[in-house]
>>> print(open('data_29.pdb').read())   # PDB, C-alpha atoms
ATOM      1  CA  MET A 120      15.465 -21.897 -19.561
ATOM      2  CA  ALA A 121      17.904 -21.183 -22.353
ATOM      3  CA  ASP A 122      14.988 -20.025 -24.510
ATOM      4  CA  ASN A 123      13.808 -17.560 -21.861
ATOM      5  CA  PRO A 124      16.389 -14.846 -21.158
ATOM      6  CA  THR A 125      14.261 -13.341 -18.377
ATOM      7  CA  PHE A 126      13.845 -16.424 -16.190
ATOM      8  CA  TRP A 127      15.732 -14.729 -13.379
ATOM      9  CA  ALA A 128      13.575 -11.598 -13.139
ATOM     10  CA  PRO A 129      11.011 -11.156 -10.335
ATOM     11  CA  GLY A 130       7.391 -10.475 -11.183
ATOM     12  CA  LYS A 131       6.622  -9.596 -14.799
ATOM     13  CA  ARG A 132       9.256 -10.903 -17.196
ATOM     14  CA  THR A 133      10.256  -8.411 -19.860
ATOM     15  CA  GLU A 134      12.691  -8.365 -22.730
ATOM     16  CA  GLN A 135      14.122  -5.127 -21.305
ATOM     17  CA  ASN A 136      15.067  -6.849 -18.044
ATOM     18  CA  GLY A 137      16.737  -9.617 -19.991
ATOM     19  CA  LEU A 138      18.801  -7.175 -22.010
ATOM     20  CA  LEU A 139      19.813  -5.350 -18.836
ATOM     21  CA  PHE A 140      20.880  -8.615 -17.247
ATOM     22  CA  PHE A 141      23.120  -9.542 -20.172
ATOM     23  CA  ALA A 142      24.558  -6.036 -20.318
ATOM     24  CA  PHE A 143      25.928  -6.586 -16.823
ATOM     25  CA  LEU A 144      27.363  -9.934 -17.865
ATOM     26  CA  LEU A 145      29.323  -8.620 -20.864
ATOM     27  CA  PRO A 146      32.396  -7.511 -18.863
ATOM     28  CA  ALA A 147      32.355 -10.775 -16.987
ATOM     29  CA  PHE A 148      32.332 -12.881 -20.161
ATOM     30  CA  ALA A 149      34.940 -10.705 -21.844
ATOM     31  CA  LEU A 150      37.384 -11.259 -19.002
ATOM     32  CA  MET A 151      36.554 -14.944 -18.744
ATOM     33  CA  PHE A 152      37.339 -15.679 -22.373
ATOM     34  CA  GLY A 153      40.498 -13.599 -22.146
ATOM     35  CA  SER A 154      41.853 -15.542 -19.213
ATOM     36  CA  GLY A 155      40.636 -19.104 -18.939
ATOM     37  CA  CYS A 156      42.124 -19.714 -15.504
ATOM     38  CA  ALA A 157      40.118 -21.428 -12.772
ATOM     39  CA  GLN A 158      40.337 -18.425 -10.452
ATOM     40  CA  ARG A 159      38.902 -16.125 -13.054
ATOM     41  CA  GLN A 160      36.145 -18.609 -13.882
ATOM     42  CA  LYS A 161      35.111 -18.762 -10.221
ATOM     43  CA  ALA A 162      35.129 -14.957  -9.979
ATOM     44  CA  VAL A 163      32.941 -14.734 -13.086
ATOM     45  CA  ASP A 164      30.489 -17.252 -11.634
ATOM     46  CA  LEU A 165      30.234 -15.236  -8.433
ATOM     47  CA  TYR A 166      29.767 -12.014 -10.441
ATOM     48  CA  VAL A 167      26.941 -13.569 -12.471
ATOM     49  CA  GLU A 168      25.215 -14.684  -9.274
ATOM     50  CA  ALA A 169      25.646 -11.181  -7.832
ATOM     51  CA  VAL A 170      23.954  -9.706 -10.915
ATOM     52  CA  MET A 171      21.039 -12.083 -10.434
ATOM     53  CA  ARG A 172      20.781 -11.217  -6.727
ATOM     54  CA  ARG A 173      20.761  -7.523  -7.549
ATOM     55  CA  THR A 174      17.890  -7.917 -10.010
ATOM     56  CA  LEU A 175      15.953  -9.646  -7.218
ATOM     57  CA  ASN A 176      16.695  -6.629  -5.000
ATOM     58  CA  GLU A 177      18.813  -8.821  -2.720
ATOM     59  CA  ARG A 178      21.592  -6.265  -2.461
ATOM     60  CA  GLU A 179      23.337  -7.590   0.622
ATOM     61  CA  LEU A 180      23.631 -11.038  -0.945
ATOM     62  CA  ALA A 181      24.894  -9.422  -4.154
ATOM     63  CA  ILE A 182      27.542  -7.551  -2.144
ATOM     64  CA  ASP A 183      28.643 -10.806  -0.489
ATOM     65  CA  LYS A 184      29.046 -12.474  -3.889
ATOM     66  CA  LEU A 185      30.997  -9.529  -5.306
ATOM     67  CA  ASN A 186      33.320  -9.394  -2.314
ATOM     68  CA  ALA A 187      33.898 -13.118  -2.737
ATOM     69  CA  ALA A 188      34.626 -12.577  -6.451
ATOM     70  CA  ALA A 189      37.128  -9.830  -5.633
ATOM     71  CA  LYS A 190      38.789 -12.021  -3.016
ATOM     72  CA  THR A 191      38.979 -14.928  -5.452
ATOM     73  CA  ASP A 192      40.575 -12.816  -8.183
ATOM     74  CA  LYS A 193      42.111  -9.594  -6.885
ATOM     75  CA  HIS A 194      42.377  -8.169 -10.423
ATOM     76  CA  TYR A 195      38.733  -8.725 -11.351
ATOM     77  CA  TYR A 196      37.639  -5.090 -11.745
ATOM     78  CA  PRO A 197      33.980  -5.698 -12.824
ATOM     79  CA  ALA A 198      33.269  -6.820  -9.253
ATOM     80  CA  TYR A 199      34.399  -3.458  -7.908
ATOM     81  CA  SER A 200      32.442  -1.548 -10.579
ATOM     82  CA  LEU A 201      29.235  -3.321  -9.648
ATOM     83  CA  LEU A 202      29.950  -2.940  -5.942
ATOM     84  CA  GLY A 203      30.259   0.801  -6.514
ATOM     85  CA  GLU A 204      26.863   0.883  -8.231
ATOM     86  CA  ILE A 205      25.100  -1.111  -5.522
ATOM     87  CA  TYR A 206      26.624   0.912  -2.676
ATOM     88  CA  GLU A 207      25.648   4.096  -4.512
ATOM     89  CA  GLU A 208      22.049   2.872  -4.833
ATOM     90  CA  MET A 209      22.078   2.204  -1.094
ATOM     91  CA  GLN A 210      23.484   5.701  -0.449
ATOM     92  CA  ARG A 211      26.579   4.189   1.129
ATOM     93  CA  TYR A 212      28.682   6.739  -0.650
ATOM     94  CA  GLU A 213      32.003   6.229   1.115
ATOM     95  CA  ASP A 214      31.851   2.503   0.341
ATOM     96  CA  SER A 215      30.800   3.301  -3.222
ATOM     97  CA  ALA A 216      33.741   5.656  -3.697
ATOM     98  CA  ALA A 217      36.174   3.051  -2.361
ATOM     99  CA  ALA A 218      34.809   0.420  -4.759
ATOM    100  CA  TYR A 219      34.890   2.704  -7.807
ATOM    101  CA  GLN A 220      38.393   3.841  -6.810
ATOM    102  CA  LYS A 221      39.580   0.231  -6.834
ATOM    103  CA  ALA A 222      37.925  -0.337 -10.225
ATOM    104  CA  THR A 223      39.756   2.658 -11.708
ATOM    105  CA  GLU A 224      43.057   1.412 -10.274
ATOM    106  CA  LEU A 225      42.600  -2.028 -11.814
ATOM    107  CA  ASN A 226      41.250  -0.684 -15.094
ATOM    108  CA  PRO A 227      42.767   2.811 -15.565
ATOM    109  CA  TRP A 228      41.196   3.262 -19.003
ATOM    110  CA  SER A 229      37.609   2.848 -17.847
ATOM    111  CA  SER A 230      35.991   6.248 -18.403
ATOM    112  CA  LYS A 231      32.707   4.801 -17.061
ATOM    113  CA  ASP A 232      34.241   4.056 -13.663
ATOM    114  CA  CYS A 233      35.950   7.458 -13.612
ATOM    115  CA  LEU A 234      32.632   9.200 -14.250
ATOM    116  CA  SER A 235      30.918   7.095 -11.603
ATOM    117  CA  LEU A 236      33.630   7.856  -9.051
ATOM    118  CA  GLY A 237      33.428  11.561  -9.884
ATOM    119  CA  ARG A 238      29.670  11.514  -9.372
ATOM    120  CA  VAL A 239      30.051   9.994  -5.913
ATOM    121  CA  PHE A 240      32.811  12.457  -5.006
ATOM    122  CA  ARG A 241      30.457  15.322  -5.943
ATOM    123  CA  THR A 242      27.708  13.768  -3.822
ATOM    124  CA  LEU A 243      30.182  13.712  -0.922
ATOM    125  CA  LYS A 244      31.230  17.307  -1.783
ATOM    126  CA  LYS A 245      34.804  16.100  -2.281
ATOM    127  CA  TYR A 246      35.361  18.491  -5.130
ATOM    128  CA  PRO A 247      39.196  18.359  -5.347
ATOM    129  CA  GLU A 248      38.999  14.571  -5.751
ATOM    130  CA  ALA A 249      36.161  14.983  -8.255
ATOM    131  CA  VAL A 250      38.213  17.374 -10.399
ATOM    132  CA  GLN A 251      41.145  14.972 -10.376
ATOM    133  CA  ILE A 252      39.119  11.962 -11.530
ATOM    134  CA  TYR A 253      37.164  13.949 -14.132
ATOM    135  CA  ASP A 254      40.462  15.236 -15.484
ATOM    136  CA  ARG A 255      41.527  11.630 -15.953
ATOM    137  CA  ALA A 256      38.237  10.891 -17.736
ATOM    138  CA  CYS A 257      38.914  13.843 -20.056
ATOM    139  CA  GLU A 258      42.349  12.393 -20.838
ATOM    140  CA  ILE A 259      40.850   8.979 -21.599
ATOM    141  CA  ASN A 260      38.282  10.517 -23.943
ATOM    142  CA  ARG A 261      38.777  14.119 -25.029
ATOM    143  CA  ASP A 262      35.288  14.083 -26.554
ATOM    144  CA  ASP A 263      33.518  13.105 -23.326
ATOM    145  CA  PHE A 264      31.000  15.901 -22.742
ATOM    146  CA  GLU A 265      29.973  14.734 -19.267
ATOM    147  CA  ALA A 266      33.559  14.592 -18.016
ATOM    148  CA  HIS A 267      34.202  18.192 -19.106
ATOM    149  CA  LEU A 268      30.863  19.486 -17.781
ATOM    150  CA  TYR A 269      31.226  17.907 -14.355
ATOM    151  CA  ALA A 270      34.873  18.911 -14.122
ATOM    152  CA  ALA A 271      33.697  22.487 -14.746
ATOM    153  CA  GLN A 272      30.999  22.175 -12.077
ATOM    154  CA  SER A 273      33.479  20.795  -9.551
ATOM    155  CA  CYS A 274      35.971  23.598 -10.237
ATOM    156  CA  TYR A 275      33.121  26.087  -9.836
ATOM    157  CA  GLU A 276      32.346  24.666  -6.387
ATOM    158  CA  LEU A 277      36.022  25.177  -5.509
ATOM    159  CA  LYS A 278      35.777  28.815  -6.716
ATOM    160  CA  ASP A 279      38.428  28.024  -9.320
ATOM    161  CA  TYR A 280      36.556  29.975 -11.968
ATOM    162  CA  GLU A 281      39.333  30.155 -14.560
ATOM    163  CA  ARG A 282      39.651  26.396 -14.627
ATOM    164  CA  ALA A 283      35.892  25.961 -14.526
ATOM    165  CA  LEU A 284      35.596  28.196 -17.576
ATOM    166  CA  ALA A 285      38.298  26.254 -19.431
ATOM    167  CA  TYR A 286      36.473  22.949 -18.889
ATOM    168  CA  GLY A 287      33.132  24.601 -19.632
ATOM    169  CA  ARG A 288      34.311  25.986 -22.953
ATOM    170  CA  ARG A 289      35.632  22.571 -23.979
ATOM    171  CA  ALA A 290      32.255  21.074 -23.099
ATOM    172  CA  GLU A 291      30.559  23.804 -25.131
ATOM    173  CA  ARG A 292      32.610  22.879 -28.179
ATOM    174  CA  LEU A 293      31.327  19.323 -27.809
ATOM    175  CA  ASP A 294      27.664  20.280 -27.269
ATOM    176  CA  ALA A 295      26.539  23.859 -26.714
ATOM    177  CA  ASN A 296      22.834  23.067 -26.507
ATOM    178  CA  VAL A 297      22.679  21.817 -22.926
ATOM    179  CA  TYR A 298      20.849  23.909 -20.335
ATOM    180  CA  GLU A 299      22.990  22.794 -17.408
ATOM    181  CA  LEU A 300      26.165  23.883 -19.210
ATOM    182  CA  GLN A 301      24.878  27.268 -20.357
ATOM    183  CA  LYS A 302      23.557  28.082 -16.876
ATOM    184  CA  LEU A 303      26.960  27.223 -15.422
ATOM    185  CA  LEU A 304      28.787  29.326 -18.026
ATOM    186  CA  GLY A 305      26.455  32.229 -17.300
ATOM    187  CA  ASP A 306      27.206  31.964 -13.577
ATOM    188  CA  ILE A 307      30.959  31.920 -14.241
ATOM    189  CA  TYR A 308      30.831  34.891 -16.619
ATOM    190  CA  LYS A 309      28.710  36.844 -14.118
ATOM    191  CA  LEU A 310      31.249  36.243 -11.340
ATOM    192  CA  GLN A 311      33.986  37.419 -13.691
ATOM    193  CA  LYS A 312      31.881  40.530 -14.417
ATOM    194  CA  ASP A 313      31.717  39.631 -18.100
ATOM    195  CA  TYR A 314      28.040  40.521 -18.265
ATOM    196  CA  ASP A 315      27.640  40.434 -22.045
ATOM    197  CA  GLN A 316      28.860  36.841 -22.133
ATOM    198  CA  ALA A 317      26.711  36.030 -19.106
ATOM    199  CA  VAL A 318      23.632  37.418 -20.867
ATOM    200  CA  ALA A 319      24.393  35.354 -23.981
ATOM    201  CA  ALA A 320      24.814  32.148 -21.955
ATOM    202  CA  TYR A 321      21.684  32.722 -19.871
ATOM    203  CA  GLU A 322      19.631  33.583 -22.960
ATOM    204  CA  LEU A 323      20.658  30.308 -24.592
ATOM    205  CA  ALA A 324      19.893  28.448 -21.341
ATOM    206  CA  LEU A 325      16.460  30.053 -21.370
ATOM    207  CA  GLU A 326      15.895  28.952 -24.968
ATOM    208  CA  LEU A 327      16.713  25.401 -23.882
ATOM    209  CA  ASP A 328      14.474  25.540 -20.781
ATOM    210  CA  SER A 329      11.995  28.340 -21.373
ATOM    211  CA  ASP A 330       9.988  27.978 -18.140
ATOM    212  CA  ASN A 331      12.875  27.865 -15.681
ATOM    213  CA  PRO A 332      12.509  30.676 -13.097
ATOM    214  CA  ASP A 333      16.076  30.247 -11.796
ATOM    215  CA  VAL A 334      17.666  31.073 -15.134
ATOM    216  CA  MET A 335      15.195  33.922 -15.658
ATOM    217  CA  ILE A 336      16.303  35.485 -12.374
ATOM    218  CA  SER A 337      19.966  34.990 -13.276
ATOM    219  CA  LEU A 338      19.388  36.547 -16.690
ATOM    220  CA  ALA A 339      17.524  39.473 -15.110
ATOM    221  CA  ALA A 340      20.475  40.057 -12.755
ATOM    222  CA  ALA A 341      22.847  40.026 -15.729
ATOM    223  CA  TYR A 342      20.582  42.518 -17.514
ATOM    224  CA  MET A 343      20.698  44.796 -14.476
ATOM    225  CA  ASN A 344      24.481  44.584 -14.288
ATOM    226  CA  SER A 345      24.683  45.615 -17.928
ATOM    227  CA  ASP A 346      22.225  48.549 -17.402
ATOM    228  CA  ARG A 347      19.340  46.884 -19.253
ATOM    229  CA  ILE A 348      16.794  47.680 -16.573
ATOM    230  CA  GLU A 349      13.538  47.527 -18.543
ATOM    231  CA  PRO A 350      14.208  44.002 -19.932
ATOM    232  CA  ALA A 351      15.195  42.898 -16.421
ATOM    233  CA  LYS A 352      11.969  44.284 -14.951
ATOM    234  CA  GLU A 353       9.868  42.626 -17.644
ATOM    235  CA  LEU A 354      11.542  39.276 -17.064
ATOM    236  CA  LEU A 355      11.136  39.504 -13.275
ATOM    237  CA  ASN A 356       7.454  40.305 -13.611
ATOM    238  CA  HIS A 357       7.151  37.193 -15.800
ATOM    239  CA  VAL A 358       8.875  35.117 -13.094
ATOM    240  CA  LEU A 359       6.438  36.386 -10.479
ATOM    241  CA  LYS A 360       3.496  35.354 -12.636
ATOM    242  CA  ILE A 361       4.908  31.817 -12.579
ATOM    243  CA  GLU A 362       6.087  31.860  -8.942
ATOM    244  CA  PRO A 363       4.493  34.685  -6.912
ATOM    245  CA  GLY A 364       6.393  33.550  -3.811
ATOM    246  CA  GLN A 365       9.849  33.942  -5.349
ATOM    247  CA  ALA A 366      11.569  36.263  -2.842
ATOM    248  CA  THR A 367      14.706  36.866  -4.919
ATOM    249  CA  ALA A 368      12.604  38.003  -7.879
ATOM    250  CA  HIS A 369      10.755  40.483  -5.648
ATOM    251  CA  ARG A 370      14.058  41.820  -4.321
ATOM    252  CA  HIS A 371      15.548  42.249  -7.796
ATOM    253  CA  LEU A 372      12.329  43.880  -8.980
ATOM    254  CA  GLY A 373      12.629  46.352  -6.122
ATOM    255  CA  TYR A 374      16.094  47.301  -7.340
ATOM    256  CA  CYS A 375      14.776  47.793 -10.888
ATOM    257  CA  CYS A 376      12.038  50.073  -9.552
ATOM    258  CA  LEU A 377      14.595  52.116  -7.601
ATOM    259  CA  LEU A 378      16.754  52.585 -10.702
ATOM    260  CA  LEU A 379      13.680  53.639 -12.689
ATOM    261  CA  GLY A 380      12.666  56.174 -10.031
ATOM    262  CA  ASP A 381       9.623  54.246  -8.823
ATOM    263  CA  VAL A 382      10.257  54.418  -5.060
ATOM    264  CA  ASP A 383       6.774  53.234  -4.070
ATOM    265  CA  GLY A 384       7.113  50.244  -6.406
ATOM    266  CA  ALA A 385      10.502  49.474  -4.874
ATOM    267  CA  ILE A 386       9.096  49.616  -1.326
ATOM    268  CA  GLU A 387       6.247  47.313  -2.300
ATOM    269  CA  SER A 388       8.618  44.763  -3.865
ATOM    270  CA  TYR A 389      11.105  44.810  -0.972
ATOM    271  CA  GLU A 390       8.328  44.471   1.601
ATOM    272  CA  ARG A 391       6.948  41.489  -0.299
ATOM    273  CA  ALA A 392      10.402  39.863  -0.387
ATOM    274  CA  ILE A 393      10.694  40.287   3.396
ATOM    275  CA  GLU A 394       7.205  38.861   3.965
ATOM    276  CA  ILE A 395       8.356  35.732   2.142
ATOM    277  CA  ASN A 396      11.774  35.600   3.836
ATOM    278  CA  GLU A 397      12.118  37.687   6.988
ATOM    279  CA  ASN A 398      15.871  36.952   7.087
ATOM    280  CA  ASP A 399      16.545  38.471   3.669
ATOM    281  CA  TRP A 400      19.150  40.970   4.870
ATOM    282  CA  GLN A 401      19.697  42.298   1.362
ATOM    283  CA  ALA A 402      16.014  43.179   0.979
ATOM    284  CA  LEU A 403      16.018  44.789   4.446
ATOM    285  CA  ARG A 404      19.040  46.898   3.556
ATOM    286  CA  SER A 405      17.534  47.955   0.231
ATOM    287  CA  LEU A 406      14.142  48.676   1.803
ATOM    288  CA  GLY A 407      15.920  51.079   4.154
ATOM    289  CA  ILE A 408      17.404  52.874   1.148
ATOM    290  CA  ALA A 409      13.971  53.125  -0.484
ATOM    291  CA  TYR A 410      12.509  54.499   2.762
ATOM    292  CA  ILE A 411      15.252  57.125   3.007
ATOM    293  CA  PHE A 412      14.582  58.254  -0.566
ATOM    294  CA  LYS A 413      10.917  58.684   0.328
ATOM    295  CA  ALA A 414      11.806  60.435   3.599
ATOM    296  CA  ILE A 415      14.029  62.961   1.816
ATOM    297  CA  LYS A 416      11.489  63.533  -0.945
ATOM    298  CA  GLN A 417       8.621  64.102   1.498
ATOM    299  CA  ASP A 418      10.684  65.433   4.432
ATOM    300  CA  ASP A 419       9.074  62.742   6.569
ATOM    301  CA  GLN A 420      10.822  61.710   9.803
ATOM    302  CA  GLN A 421       8.734  58.560  10.102
ATOM    303  CA  PHE A 422      10.264  57.133   6.943
ATOM    304  CA  LYS A 423      13.725  57.998   8.259
ATOM    305  CA  ALA A 424      12.972  56.004  11.394
ATOM    306  CA  LYS A 425      11.706  53.111   9.254
ATOM    307  CA  ALA A 426      14.919  53.211   7.219
ATOM    308  CA  VAL A 427      17.075  53.025  10.344
ATOM    309  CA  THR A 428      15.030  50.085  11.627
ATOM    310  CA  GLN A 429      15.536  48.137   8.371
ATOM    311  CA  TRP A 430      19.293  48.780   8.369
ATOM    312  CA  ARG A 431      19.633  47.651  11.973
ATOM    313  CA  MET A 432      17.719  44.454  11.211
ATOM    314  CA  SER A 433      19.910  43.820   8.164
ATOM    315  CA  LEU A 434      23.071  44.274  10.236
ATOM    316  CA  ASP A 435      21.728  42.004  12.978
ATOM    317  CA  ILE A 436      21.246  39.207  10.435
ATOM    318  CA  ASN A 437      24.534  39.759   8.608
ATOM    319  CA  PRO A 438      26.931  42.064  10.486
ATOM    320  CA  HIS A 439      29.768  41.278   8.040
ATOM    321  CA  GLN A 440      28.008  42.209   4.823
ATOM    322  CA  ARG A 441      29.878  44.228   2.224
ATOM    323  CA  TRP A 442      28.159  47.531   3.053
ATOM    324  CA  ALA A 443      28.154  47.061   6.843
ATOM    325  CA  ARG A 444      30.399  50.039   7.581
ATOM    326  CA  GLN A 445      28.356  52.373   5.384
ATOM    327  CA  LEU A 446      25.094  51.131   6.863
ATOM    328  CA  ARG A 447      26.340  51.872  10.375
ATOM    329  CA  GLN A 448      27.203  55.379   9.240
ATOM    330  CA  TYR A 449      23.689  55.778   7.838
ATOM    331  CA  VAL A 450      22.208  54.522  11.100
ATOM    332  CA  ARG A 451      24.162  57.131  13.075
ATOM    333  CA  LYS A 452      23.381  59.900  10.595
ATOM    334  CA  TYR A 453      19.619  59.341  10.300
ATOM    335  CA  SER A 454      19.031  58.445  13.952
ATOM    336  CA  LYS A 455      19.709  62.051  15.001
TER
END
>>> encode(input="data_29.pdb", output="C-alpha cells")
Amino acid sequence: MADNPTFWAPGKRTEQNGLLFFAFLLPAFALMFGSGCAQRQKAVDLYVEAVMRRTLNERELAIDKLNAAAKTDKHYYPAYSLLGEIYEEMQRYEDSAAAYQKATELNPWSSKDCLSLGRVFRTLKKYPEAVQIYDRACEINRDDFEAHLYAAQSCYELKDYERALAYGRRAERLDANVYELQKLLGDIYKLQKDYDQAVAAYELALELDSDNPDVMISLAAAYMNSDRIEPAKELLNHVLKIEPGQATAHRHLGYCCLLLGDVDGAIESYERAIEINENDWQALRSLGIAYIFKAIKQDDQQFKAKAVTQWRMSLDINPHQRWARQLRQYVRKYSK
C-alpha cells in the first residue's frame, strides 16, 4: 500500500486524488511533529480517518471523526477547518460558519479560514460579519486580492459605498484585470454619479467579458447618464440581438428613442418590455410619457387616455416610486 498513494480512493484511482488526499494531511502532520503529545497524535489519527471518509463521500462519518478529534484536542484547528468545508458542501451553512469561526479563533493568522468564513457569511447574507472577517484577512495579507474584492462586495451590499470603493480600489491595485471587480467598481461609481469613472470601469469589464449582456446594459445606462445616447442605443441593440427577451434593455432603448425624438420607437420598445414583464412599473410609467408626447403632437385624446392608463398601472404596482406625486398630478390633469 505504501507504493500506491491512491489506495483509499473509490472507483478509478488517480494521481490527482492522491495529491488531494495528502494536501489535506499536511496541516495534520505539521501539528503532529510540532507537538508529539499523545492527545495530539490521537487527534491527528482521527483527522486522517476523517479525510479518508470524506473522499469516500461518507460525510457524516467524517464529521463524527472530526468532532472526536476536536474533543480529544481542543486546540486542534485543522479539525474545525475541515468541518467547515464539509458542512459547507452539505449546505449546512450555520454549522459551517461556526466551525470556520472556531478555526479562526484557534489559528488567528489563517487567511484561508478567514476567507472561507467570509464566503459562508456572504451566503447567509450576514454582510456585517463578512466585512469584519474579510478586514481581518486583509490585515493578515495586504496583498490578498480576494479578501479586498469580497470586502468591497460585502460593503456594497450594506450600501456603504465609500468603504466599498476603498476596498475595491485596493483590489484594483493588486489586479485590475478582473471582470467581477470592474463591474462592481462601475456599479459603485454609477451610484455616486461619477459617470465617467463608471463608463471606464464598465468598458474594461466588457473587454474582460465581451459577451456579457449585464455589463453591456450597465455600460449603456452609464452612457445615457453622461449624455452619450447614440453609443447607448447601439450597445442596447447589440444586447437585444444576443438576448431578445431582455426587458431592461428594451426599457433603456425606449428611453434612448425618446431622447432622440423617436416617439414611435420609444413606444415600441416600452411595449415590448411590458410584454416580457407586465410588472415593469418603470416601463409603464415611461410608456405613458411616450403616449402623452404622441397625444400632444397629434392632438389625439385616445393616446391621452392610454397614457393615464399606463400611469395608473405603474402607481398600482409601485405607489411609492420616486415620481409618484408627479404621476398623480399627470393623471388628474390628463383625465379631464
>>> atom_distance(input="data_29.pdb", atom1="atom CA of Gln301 of chain A", atom2="atom CA of Arg370 of chain A")
24.2 Å
>>> resolve_selection(input="data_29.pdb", expression="the PyMOL selection byres ((chain A and resi 366) around 8)", output="MDAnalysis selection string")
chainID A and resid 364:365 367:370 391:393 395:396
>>> atom_distance(input="data_29.pdb", atom1="atom CA of Glu349 of chain A", atom2="atom CA of Gln445 of chain A")
28.6 Å
>>> residues_around(input="data_29.pdb", residues="segment 352-357 of chain A", least_positions_apart="6", cutoff="12 Å", atoms="only C-alpha atoms", output="ChimeraX atom specification")
/A:322,325,329-343,346,363-379,381,384-385,388
>>> atom_distance(input="data_29.pdb", atom1="atom CA of Val250 of chain A", atom2="atom CA of Ser273 of chain A")
5.9 Å
>>> residues_around(input="data_29.pdb", residues="segment 425-432 of chain A", least_positions_apart="6", cutoff="9 Å", atoms="only C-alpha atoms", output="number ranges by chain")
A: 398, 400, 402-411, 414, 446-447, 449-451, 453-454
>>> residues_near_point(input="data_29.pdb", point="(30.6, -10.9, -1.5)", cutoff="12 Å", atoms="only C-alpha atoms", output="PyMOL selection string")
chain A and resi 162+164-170+172+178-191+198-199+201-202+205
>>> residues_around(input="data_29.pdb", residues="segment 282-298 of chain A", least_positions_apart="3", cutoff="7 Å", atoms="all atoms listed in the file", output="ChimeraX atom specification")
/A:262,264,267-268,270-272,274-275,279,301-302,304,307,324,327-328
